[in-house]
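As structure tokens, the structure follows; a few thoughts come after it.
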There are 2 protein chains.
Amino acid sequence: MHMTLRFSRFSWLMISSAMWLTPTLLLAQQLPSRTLPERNVPVPPTISEELAQKAVALPVRVFPLPRTAEEWKSSQKSIDADRAQTARATAQAVGATLKQRQIAGVRCFEIIPQTISPEGAQRLLVHVHGGAYVLGAGEAGTLEGILVATTCGTRVISVDYRMPPDHPFPAAVDDAVAVWKALVAQHEPSRMALFGTSTGGGLAMATVLRLKELQIPRPAALFLGTPWTDLSKTGDSYSTHAELDNVLGRYEGFLELSARLYAGATDLKHPLISPVYGDLAGFPPTILVTGTRDLFLSNTVRAHRKLRGAGVTAELHVCEAQSHADYLRSYPAPESREIFEEIDRFFDRHLQK
Amino acid sequence: MHMTLRFSRFSWLMISSAMWLTPTLLLAQQLPSRTLPERNVPVPPTISEELAQKAVALPVRVFPLPRTAEEWKSSQKSIDADRAQTARATAQAVGATLKQRQIAGVRCFEIIPQTISPEGAQRLLVHVHGGAYVLGAGEAGTLEGILVATTCGTRVISVDYRMPPDHPFPAAVDDAVAVWKALVAQHEPSRMALFGTSTGGGLAMATVLRLKELQIPRPAALFLGTPWTDLSKTGDSYSTHAELDNVLGRYEGFLELSARLYAGATDLKHPLISPVYGDLAGFPPTILVTGTRDLFLSNTVRAHRKLRGAGVTAELHVCEAQSHADYLRSYPAPESREIFEEIDRFFDRHLQK
């Protein structure tokens with residue numbers, strides 16, 4: 001069986017004759033690689049039926065490939081309309097209320113859960129949504145905020161930051177920092193946390209990097225859900241987990257287009273774009289979540305290891321058989337509730353009573 | 001690109017006509033599955049050169065497939081001779097001393113590191129080696145004990161437990177429990193930890209399950225390195241990471257043969273064989289380590305989640321691009337040192353001074 005695996009030493013020989021390749025391809029050629037044969041991937045019996053039905057058993061999601069600004073806007077509008085509907089339905093199901101607010105000139109949503117706990121009343125959680133820096137505008141970006149607000153019994157401010165094609169980097173970071181700065185002027189930072197999933201996780205890290213630079217008080221805790229910490233397709237699981245992840249599929253296509261649209265002329269490895277390259281010393285205690293099938297498994301574990309290396313309290317949770325951010329789309333599957341309860345307990349341990 | 005992925009609804013239709021399949025195959029057919037196309041897996045640039053050379057860039061290891069007791073013994077002898085040589089060379093390099101001892105009638109090694117720290121002098125760590133319950137006899141099983149003893153500056157007792165073909169389950173558990181019981185009669189359990197990798201991680205869990213049953217004092221901390229918590233090929237990464245892991249390859253073959261040889265007539269899901277099915281309440285604080293390419297990624301994260309669910313302090317570390325137990329074979333690569341330092345700090349936090 002192992003005979004079908006070839007250790008491609010051939011690739012070493014190609015280097016000298018490969019000067020016509022783009023730098024990215026050349027880099028890939030310089031490293032030895034193996035070929036993995038086709039394989040069958042069943043839904044494992046180690047997950048709940050609900051998680052299987054809502055997430056793991058689904059086919060790979062297909063994203064559009066917009067080329068012009070108009071095509072981007074049309075795709076964004078159509079995908080976000082669906083997401084907004086899911087968010088509204090969830091808010092109704094859990095009894096949460098959404099209020100639109102302007103904070104520091106930035107559109108935000110204040111999310112008020114049905115029940116606010118005694119500790120929760122003293123606290124404020126700030127959310128930056130996911131969506132590859134292009135999706136999640138308006139209510140479409142509030143689902144995670146609704147779930148965290150509800151689980152923690154705490155108000156959430158969800159930042160509806162500006163996005164490409166009209167507003168590329170650094171608009172999203174600027175908006176998140178502006179909102180945080182305004183909020184921290186009126187709240188005790190030791191009772192505030194910042195969180196987000198995917199792009200929201202990367203953006204939360206970029207926000208903390210900027211707060212450090214600007215010497216603005218930082219959150220007392222972070223939740224980074226499968227954070228997009230490296231937009232440059234660097235990291236093992238971009239290769240190993242391609243197409244295994246049925247949410248993101250692979251880097252090439254929508255993710256790559258989104259990364260380039262967001263970054264514009266700026267290097268994809270700029271620390272405010274790919275925060276795994278930033279100086280993470282002084283980061284607040286951080287909880288990170290990913291899944292065994294997640295295309296961003298490496299994005300997450302690299303950030304975890306780098307945080308630990310910088311002396312930061314950082315704890316990692318990896319969910320069996322889950323692809324990118326499955327804890328969001330599978331809510332309230334038992335595995336999803338379990339993760340939100342981990343986040344609640346983590347915030348509770350690290351935010352002042 | 002996504003078009004190459006097929007959501008095999010066809011498998012649902014096969015169920016009724018699949019009565020001729022073995023139960024295992026039948027189970028696989030009952031769950032929807034996807035086909036992942038062949039892929040190229042390069043060595044990522046996110047790891048040290050040393051880790052790449054010693055582990056990640058290597059071809060998939062090939063194990064023998066013994067059929068008779070004699071063939072087993074011959075394979076064991078030959079593989080363990082190599083491993084013993086590595087262990088001796090490592091002991092010499094780090095200045096550790098190995099002494100053979102009998103404890104409760106069980107062959108053990110006492111591993112004395114070059115430097116014993118002041119806290120280390122009060123502590124005792126107990127090691128159960130890996131090797132699929134068939135490998136690691138004698139000095140061949142001491143490598144990990146040498147590395148932990150050296151990093152923690154603490155003596156280690158490594159249990160050279162009996163193994164198949166002559167001594168199947170429960171000999172290994174009985175030996176580990178007997179040694180622990182003898183040691184804990186003479187040492188303060190709050191200053192003792194238990195650890196092991198792969199089979200050693202599973203065996204450490206089985207040992208704690210038995211200590212609970214027998215009401216013998218438990219360790220104050222556990223280190224479970226990519227523990228073999230489910231010997232029955234249940235868990236997502238047995239499928240998703242097959243042949244991606246260049247240490248273990250896949251379940252079918254050596255692992256499956258070893259599991260069956262060890263278990264004999266006992267169900268592979270017996271909690272003392274596959275401890276993820278045990279009652280983990282009351283387990284000591286536990287640190288778990290795995291890698292993004294590890295065939296036992298699910299074995300590890302399932303145990304982590306189950307420990308957390310049982311209210312146990314349990315922290316997880318996942319190493320970029322590493323296959324099964326690469327922190328052992330890549331020592332002293334920076335990523336390997338980092339993990340042993342995490343283990344040292346974890347033990348230091350949880351063992352009494």
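All residue names refer to the structure tokens as shown: chains lettered A, B, ... in order, residues numbered from 1 in each chain, ligands numbered from 1 in order.
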* Residues of chain B within 8 Å of chain A, only C-alpha atoms counted, as a PyMOL selection string -> chain B and resi 2+5-7+28+31-46+57-60+62+234-237+239-240+243-244+249+292-293+297-298+301-302+305+315-321
Fit chain A to chain B, all Cα atoms paired in order, least squares. Then write it as a CSV table (one decimal) with C-alpha atoms, in the first residue's frame.
```csv
chain,number,residue,atom,x,y,z
A,1,MET,CA,-11.5,22.4,-9.1
A,2,HIS,CA,-14.2,21.5,-6.7
A,3,MET,CA,-15.9,19.6,-9.4
A,4,THR,CA,-13.5,16.7,-8.9
A,5,LEU,CA,-15.1,16.1,-5.5
A,6,ARG,CA,-18.1,13.9,-5.5
A,7,PHE,CA,-20.5,13.6,-2.6
A,8,SER,CA,-21.0,9.9,-2.9
A,9,ARG,CA,-24.8,9.5,-2.4
A,10,PHE,CA,-24.4,6.3,-4.2
A,11,SER,CA,-23.1,4.7,-1.0
A,12,TRP,CA,-26.5,5.2,0.6
A,13,LEU,CA,-28.1,3.1,-2.1
A,14,MET,CA,-25.7,0.3,-1.6
A,15,ILE,CA,-26.7,-0.4,2.0
A,16,SER,CA,-29.6,-2.7,1.3
A,17,SER,CA,-27.6,-4.8,-1.1
A,18,ALA,CA,-24.5,-4.9,1.0
A,19,MET,CA,-25.4,-7.7,3.4
A,20,TRP,CA,-22.4,-9.7,2.3
A,21,LEU,CA,-20.0,-7.1,3.6
A,22,THR,CA,-18.3,-7.5,6.9
A,23,PRO,CA,-19.7,-5.3,9.7
A,24,THR,CA,-16.8,-2.9,9.5
A,25,LEU,CA,-17.3,-2.3,5.8
A,26,LEU,CA,-21.0,-2.1,6.2
A,27,LEU,CA,-20.6,0.7,8.8
A,28,ALA,CA,-18.4,2.6,6.4
A,29,GLN,CA,-21.0,2.2,3.7
A,30,GLN,CA,-23.7,3.6,5.9
A,31,LEU,CA,-22.0,7.0,6.2
A,32,PRO,CA,-21.8,9.3,3.3
A,33,SER,CA,-18.3,9.8,2.0
A,34,ARG,CA,-16.4,12.0,-0.4
A,35,THR,CA,-13.5,11.1,-2.7
A,36,LEU,CA,-10.4,13.3,-2.3
A,37,PRO,CA,-8.3,13.5,-5.4
A,38,GLU,CA,-4.6,12.8,-5.5
A,39,ARG,CA,-2.6,15.6,-4.2
A,40,ASN,CA,0.9,16.9,-3.8
A,41,VAL,CA,2.2,17.5,-0.3
A,42,PRO,CA,5.3,19.6,-0.1
A,43,VAL,CA,7.4,20.1,3.0
A,44,PRO,CA,6.2,23.5,4.2
A,45,PRO,CA,8.5,26.5,4.8
A,46,THR,CA,7.0,27.0,8.2
A,47,ILE,CA,9.3,24.5,10.0
A,48,SER,CA,12.9,24.3,10.9
A,49,GLU,CA,15.4,22.8,8.5
A,50,GLU,CA,16.3,20.3,11.3
A,51,LEU,CA,12.7,19.1,11.7
A,52,ALA,CA,12.4,18.8,7.9
A,53,GLN,CA,15.5,16.7,7.5
A,54,LYS,CA,14.9,14.5,10.5
A,55,ALA,CA,11.2,13.9,10.0
A,56,VAL,CA,8.9,15.8,7.6
A,57,ALA,CA,10.9,15.3,4.4
A,58,LEU,CA,11.3,11.6,4.9
A,59,PRO,CA,9.3,9.0,2.9
A,60,VAL,CA,6.6,6.9,4.6
A,61,ARG,CA,8.2,4.3,6.9
A,62,VAL,CA,7.6,0.7,5.9
A,63,PHE,CA,6.8,-1.8,8.6
A,64,PRO,CA,6.9,-5.5,8.4
A,65,LEU,CA,3.7,-7.6,8.3
A,66,PRO,CA,4.5,-10.6,10.6
A,67,ARG,CA,2.1,-13.6,10.5
A,68,THR,CA,3.5,-16.1,13.0
A,69,ALA,CA,4.8,-15.7,16.6
A,70,GLU,CA,8.3,-16.4,15.2
A,71,GLU,CA,8.0,-13.7,12.6
A,72,TRP,CA,6.8,-11.3,15.2
A,73,LYS,CA,9.8,-12.0,17.4
A,74,SER,CA,12.2,-11.7,14.6
A,75,SER,CA,10.7,-8.3,13.5
A,76,GLN,CA,10.6,-7.0,17.1
A,77,LYS,CA,14.2,-8.0,17.7
A,78,SER,CA,15.5,-6.3,14.5
A,79,ILE,CA,13.5,-3.0,14.9
A,80,ASP,CA,14.3,-2.8,18.6
A,81,ALA,CA,18.0,-3.3,18.0
A,82,ASP,CA,18.0,-0.1,16.0
A,83,ARG,CA,15.9,1.8,18.5
A,84,ALA,CA,18.1,0.7,21.4
A,85,GLN,CA,21.1,2.1,19.6
A,86,THR,CA,19.3,5.4,19.1
A,87,ALA,CA,18.4,5.5,22.8
A,88,ARG,CA,21.9,4.7,23.9
A,89,ALA,CA,23.4,7.3,21.6
A,90,THR,CA,20.9,9.9,22.9
A,91,ALA,CA,21.6,9.0,26.6
A,92,GLN,CA,25.3,9.5,25.9
A,93,ALA,CA,24.7,12.8,24.1
A,94,VAL,CA,22.7,14.2,27.0
A,95,GLY,CA,24.7,12.6,29.7
A,96,ALA,CA,21.9,10.4,31.1
A,97,THR,CA,22.5,7.2,32.9
A,98,LEU,CA,20.3,4.1,32.5
A,99,LYS,CA,20.1,1.5,35.3
A,100,GLN,CA,18.2,-1.7,35.0
A,101,ARG,CA,15.9,-2.5,38.0
A,102,GLN,CA,13.2,-4.9,39.0
A,103,ILE,CA,10.2,-3.2,40.5
A,104,ALA,CA,7.3,-5.4,41.7
A,105,GLY,CA,8.8,-8.2,39.6
A,106,VAL,CA,8.7,-6.0,36.4
A,107,ARG,CA,11.8,-5.1,34.5
A,108,CYS,CA,12.3,-1.3,34.5
A,109,PHE,CA,14.9,1.2,33.7
A,110,GLU,CA,15.8,4.0,36.1
A,111,ILE,CA,16.9,7.0,34.0
A,112,ILE,CA,19.1,9.5,35.8
A,113,PRO,CA,19.7,12.8,34.0
A,114,GLN,CA,23.0,14.6,34.0
A,115,THR,CA,21.6,17.4,36.1
A,116,ILE,CA,18.8,17.0,38.7
A,117,SER,CA,17.0,20.2,39.6
A,118,PRO,CA,16.2,21.1,43.2
A,119,GLU,CA,12.4,20.5,42.6
A,120,GLY,CA,13.3,17.5,40.4
A,121,ALA,CA,15.1,15.8,43.3
A,122,GLN,CA,11.7,15.6,45.2
A,123,ARG,CA,9.9,14.2,42.2
A,124,LEU,CA,9.6,11.0,40.3
A,125,LEU,CA,8.3,10.5,36.7
A,126,VAL,CA,7.0,7.2,35.4
A,127,HIS,CA,7.3,6.4,31.7
A,128,VAL,CA,5.5,3.8,29.6
A,129,HIS,CA,7.0,3.5,26.2
A,130,GLY,CA,5.3,3.4,22.7
A,131,GLY,CA,5.6,0.9,19.9
A,132,ALA,CA,2.1,-0.5,19.1
A,133,TYR,CA,2.2,-2.8,22.2
A,134,VAL,CA,4.8,-4.9,20.3
A,135,LEU,CA,8.0,-2.7,20.0
A,136,GLY,CA,10.2,-0.9,22.5
A,137,ALA,CA,11.4,-3.8,24.7
A,138,GLY,CA,14.5,-3.1,26.8
A,139,GLU,CA,16.5,-0.1,26.1
A,140,ALA,CA,14.6,0.4,22.8
A,141,GLY,CA,11.8,1.9,24.8
A,142,THR,CA,13.8,4.4,26.8
A,143,LEU,CA,14.3,7.3,24.3
A,144,GLU,CA,11.4,9.4,25.5
A,145,GLY,CA,12.2,8.8,29.1
A,146,ILE,CA,15.7,10.0,28.5
A,147,LEU,CA,14.4,13.2,26.9
A,148,VAL,CA,11.8,13.9,29.6
A,149,ALA,CA,14.3,13.2,32.4
A,150,THR,CA,16.8,15.5,30.9
A,151,THR,CA,14.4,18.4,30.2
A,152,CYS,CA,12.7,18.1,33.6
A,153,GLY,CA,15.9,17.5,35.6
A,154,THR,CA,14.1,14.6,37.3
A,155,ARG,CA,14.6,10.8,37.6
A,156,VAL,CA,12.4,8.7,35.4
A,157,ILE,CA,11.3,5.1,35.9
A,158,SER,CA,10.6,3.6,32.5
A,159,VAL,CA,8.5,0.4,32.6
A,160,ASP,CA,9.7,-2.4,30.3
A,161,TYR,CA,6.3,-4.1,30.4
A,162,ARG,CA,5.6,-7.5,28.9
A,163,MET,CA,4.3,-7.7,25.3
A,164,PRO,CA,2.8,-10.0,22.7
A,165,PRO,CA,3.1,-12.4,21.2
A,166,ASP,CA,3.8,-14.2,24.5
A,167,HIS,CA,2.1,-11.6,26.7
A,168,PRO,CA,-1.1,-10.0,25.3
A,169,PHE,CA,-3.6,-7.7,27.0
A,170,PRO,CA,-3.8,-7.2,30.0
A,171,ALA,CA,-0.1,-7.9,30.7
A,172,ALA,CA,1.1,-4.4,29.8
A,173,VAL,CA,-1.6,-2.7,32.0
A,174,ASP,CA,-0.9,-5.2,34.9
A,175,ASP,CA,2.8,-4.4,34.7
A,176,ALA,CA,2.4,-0.7,34.6
A,177,VAL,CA,-0.1,-0.8,37.5
A,178,ALA,CA,2.2,-3.1,39.6
A,179,VAL,CA,5.2,-0.8,39.1
A,180,TRP,CA,3.1,2.4,39.9
A,181,LYS,CA,1.7,0.7,43.0
A,182,ALA,CA,5.1,-0.2,44.3
A,183,LEU,CA,6.5,3.3,43.6
A,184,VAL,CA,3.6,5.2,45.1
A,185,ALA,CA,4.0,3.2,48.3
A,186,GLN,CA,7.4,5.0,48.7
A,187,HIS,CA,6.8,8.3,47.1
A,188,GLU,CA,4.4,11.2,47.5
A,189,PRO,CA,1.9,10.9,44.5
A,190,SER,CA,1.5,14.7,44.5
A,191,ARG,CA,5.1,14.7,43.3
A,192,MET,CA,4.7,12.0,40.7
A,193,ALA,CA,3.6,12.1,37.0
A,194,LEU,CA,3.0,9.4,34.4
A,195,PHE,CA,3.7,9.8,30.7
A,196,GLY,CA,4.1,8.1,27.4
A,197,THR,CA,3.7,8.5,23.7
A,198,SER,CA,1.5,6.6,21.2
A,199,THR,CA,0.9,3.2,22.8
A,200,GLY,CA,2.5,4.7,25.9
A,201,GLY,CA,-0.1,7.4,26.0
A,202,GLY,CA,-3.0,4.9,25.7
A,203,LEU,CA,-1.3,2.7,28.3
A,204,ALA,CA,-0.9,5.6,30.7
A,205,MET,CA,-4.6,6.3,30.4
A,206,ALA,CA,-5.5,2.6,30.9
A,207,THR,CA,-3.2,2.6,33.9
A,208,VAL,CA,-5.0,5.5,35.5
A,209,LEU,CA,-8.4,3.8,34.8
A,210,ARG,CA,-7.1,0.8,36.7
A,211,LEU,CA,-5.7,2.9,39.5
A,212,LYS,CA,-9.2,4.4,39.8
A,213,GLU,CA,-10.8,1.0,40.0
A,214,LEU,CA,-8.3,-0.3,42.5
A,215,GLN,CA,-8.4,3.0,44.5
A,216,ILE,CA,-4.7,3.4,44.3
A,217,PRO,CA,-3.4,7.0,44.5
A,218,ARG,CA,-3.1,8.6,41.0
A,219,PRO,CA,-0.3,10.7,39.4
A,220,ALA,CA,-0.5,14.4,39.9
A,221,ALA,CA,-0.1,15.0,36.2
A,222,LEU,CA,-0.1,13.1,32.9
A,223,PHE,CA,1.6,13.7,29.6
A,224,LEU,CA,-0.1,11.9,26.7
A,225,GLY,CA,1.9,12.2,23.5
A,226,THR,CA,-0.4,11.4,20.5
A,227,PRO,CA,-2.0,8.6,22.5
A,228,TRP,CA,-3.4,5.5,20.9
A,229,THR,CA,-6.8,6.0,22.6
A,230,ASP,CA,-8.8,4.0,20.1
A,231,LEU,CA,-7.3,0.8,18.6
A,232,SER,CA,-10.4,0.0,16.6
A,233,LYS,CA,-9.8,2.4,13.6
A,234,THR,CA,-12.6,4.7,14.8
A,235,GLY,CA,-11.9,8.4,14.4
A,236,ASP,CA,-11.7,10.8,11.5
A,237,SER,CA,-7.9,11.0,11.0
A,238,TYR,CA,-7.6,7.3,10.5
A,239,SER,CA,-9.2,8.1,7.1
A,240,THR,CA,-8.3,11.7,6.4
A,241,HIS,CA,-4.6,11.4,7.5
A,242,ALA,CA,-3.9,8.0,6.0
A,243,GLU,CA,-0.5,8.0,4.2
A,244,LEU,CA,-0.2,11.8,5.0
A,245,ASP,CA,1.5,10.6,8.2
A,246,ASN,CA,4.9,9.4,7.1
A,247,VAL,CA,5.6,7.6,10.4
A,248,LEU,CA,2.5,5.3,10.8
A,249,GLY,CA,1.2,5.4,7.2
A,250,ARG,CA,-2.2,3.8,7.7
A,251,TYR,CA,-4.1,1.6,10.1
A,252,GLU,CA,-4.3,-1.3,7.8
A,253,GLY,CA,-1.2,-3.4,8.1
A,254,PHE,CA,1.2,-3.2,11.0
A,255,LEU,CA,-1.1,-1.2,13.3
A,256,GLU,CA,-4.1,-3.4,12.8
A,257,LEU,CA,-2.1,-6.6,13.2
A,258,SER,CA,-0.5,-5.2,16.4
A,259,ALA,CA,-3.8,-4.2,17.8
A,260,ARG,CA,-5.3,-7.6,17.2
A,261,LEU,CA,-2.3,-9.4,18.5
A,262,TYR,CA,-2.4,-7.3,21.7
A,263,ALA,CA,-6.1,-7.5,22.3
A,264,GLY,CA,-6.5,-11.2,21.5
A,265,ALA,CA,-10.1,-12.2,22.2
A,266,THR,CA,-10.9,-9.0,23.9
A,267,ASP,CA,-13.0,-6.3,22.2
A,268,LEU,CA,-10.8,-3.6,20.7
A,269,LYS,CA,-13.1,-1.0,22.3
A,270,HIS,CA,-12.6,-2.4,25.9
A,271,PRO,CA,-11.7,0.8,27.9
A,272,LEU,CA,-8.4,-0.7,29.1
A,273,ILE,CA,-7.5,-1.2,25.4
A,274,SER,CA,-9.1,1.9,23.9
A,275,PRO,CA,-9.2,4.2,26.9
A,276,VAL,CA,-11.2,6.9,25.0
A,277,TYR,CA,-14.2,4.8,25.9
A,278,GLY,CA,-13.3,4.8,29.6
A,279,ASP,CA,-14.7,7.1,32.3
A,280,LEU,CA,-12.1,9.8,32.5
A,281,ALA,CA,-13.6,11.7,35.5
A,282,GLY,CA,-11.0,12.2,38.2
A,283,PHE,CA,-8.1,12.1,35.8
A,284,PRO,CA,-5.1,14.2,36.8
A,285,PRO,CA,-4.2,17.4,34.8
A,286,THR,CA,-3.1,16.3,31.4
A,287,ILE,CA,-1.0,17.7,28.6
A,288,LEU,CA,-1.6,16.2,25.1
A,289,VAL,CA,0.6,16.6,22.0
A,290,THR,CA,-0.1,15.8,18.4
A,291,GLY,CA,0.7,17.1,14.9
A,292,THR,CA,-1.2,18.4,11.9
A,293,ARG,CA,-0.2,15.3,9.8
A,294,ASP,CA,-0.6,12.8,12.7
A,295,LEU,CA,-2.7,9.7,11.9
A,296,PHE,CA,-3.6,9.9,15.6
A,297,LEU,CA,-4.8,13.5,15.4
A,298,SER,CA,-8.3,12.2,16.2
A,299,ASN,CA,-7.1,9.8,18.8
A,300,THR,CA,-5.6,12.8,20.6
A,301,VAL,CA,-8.3,15.4,20.1
A,302,ARG,CA,-11.0,13.0,21.0
A,303,ALA,CA,-9.2,12.3,24.3
A,304,HIS,CA,-8.7,16.0,24.9
A,305,ARG,CA,-12.4,16.8,24.4
A,306,LYS,CA,-13.5,13.9,26.5
A,307,LEU,CA,-11.1,14.9,29.3
A,308,ARG,CA,-12.4,18.5,29.2
A,309,GLY,CA,-16.0,17.2,29.2
A,310,ALA,CA,-15.2,15.2,32.3
A,311,GLY,CA,-14.0,18.4,34.0
A,312,VAL,CA,-10.3,17.6,33.8
A,313,THR,CA,-7.6,20.2,33.3
A,314,ALA,CA,-6.3,19.2,29.9
A,315,GLU,CA,-4.2,21.2,27.4
A,316,LEU,CA,-3.5,20.4,23.8
A,317,HIS,CA,-0.6,21.2,21.6
A,318,VAL,CA,-0.5,20.6,17.9
A,319,CYS,CA,2.8,20.8,16.0
A,320,GLU,CA,2.9,22.2,12.5
A,321,ALA,CA,3.5,19.6,9.8
A,322,GLN,CA,4.4,16.8,12.3
A,323,SER,CA,3.4,13.2,11.8
A,324,HIS,CA,3.0,10.8,14.7
A,325,ALA,CA,5.5,11.5,17.5
A,326,ASP,CA,7.8,13.5,15.3
A,327,TYR,CA,8.9,15.4,18.4
A,328,LEU,CA,10.7,12.2,19.4
A,329,ARG,CA,12.6,11.5,16.2
A,330,SER,CA,13.4,15.1,15.5
A,331,TYR,CA,15.0,15.9,18.9
A,332,PRO,CA,16.8,18.3,19.4
A,333,ALA,CA,15.1,20.3,16.6
A,334,PRO,CA,13.7,23.6,17.9
A,335,GLU,CA,10.1,22.4,17.6
A,336,SER,CA,10.9,19.3,19.6
A,337,ARG,CA,12.7,21.2,22.4
A,338,GLU,CA,9.7,23.5,22.6
A,339,ILE,CA,7.4,20.6,23.2
A,340,PHE,CA,9.6,19.1,25.9
A,341,GLU,CA,9.8,22.5,27.6
A,342,GLU,CA,6.0,22.7,27.5
A,343,ILE,CA,5.9,19.3,29.3
A,344,ASP,CA,8.4,20.4,31.8
A,345,ARG,CA,6.4,23.6,32.6
A,346,PHE,CA,3.2,21.6,32.8
A,347,PHE,CA,4.6,19.1,35.2
A,348,ASP,CA,6.2,22.0,37.2
A,349,ARG,CA,2.8,23.7,37.5
A,350,HIS,CA,0.9,20.6,38.6
A,351,LEU,CA,3.4,18.7,40.7
A,352,GLN,CA,3.9,19.8,44.3
A,353,LYS,CA,7.2,21.6,44.9
```
* To do: Using backbone DSSP assignments, extract all strand (DSSP E) residues from stretch 120-346 of chain A; output them as a PyMOL selection string.
  => chain A and resi 124-128+156-159+192-197+221-225+286-291+314-319
* To do: Please give the complete set of residues from stretch 39-148 of chain A that DSSP, run on the backbone, assigns to alpha helix (DSSP H), formatted as a PyMOL selection string.
  => chain A and resi 49-51+69-94+143-148
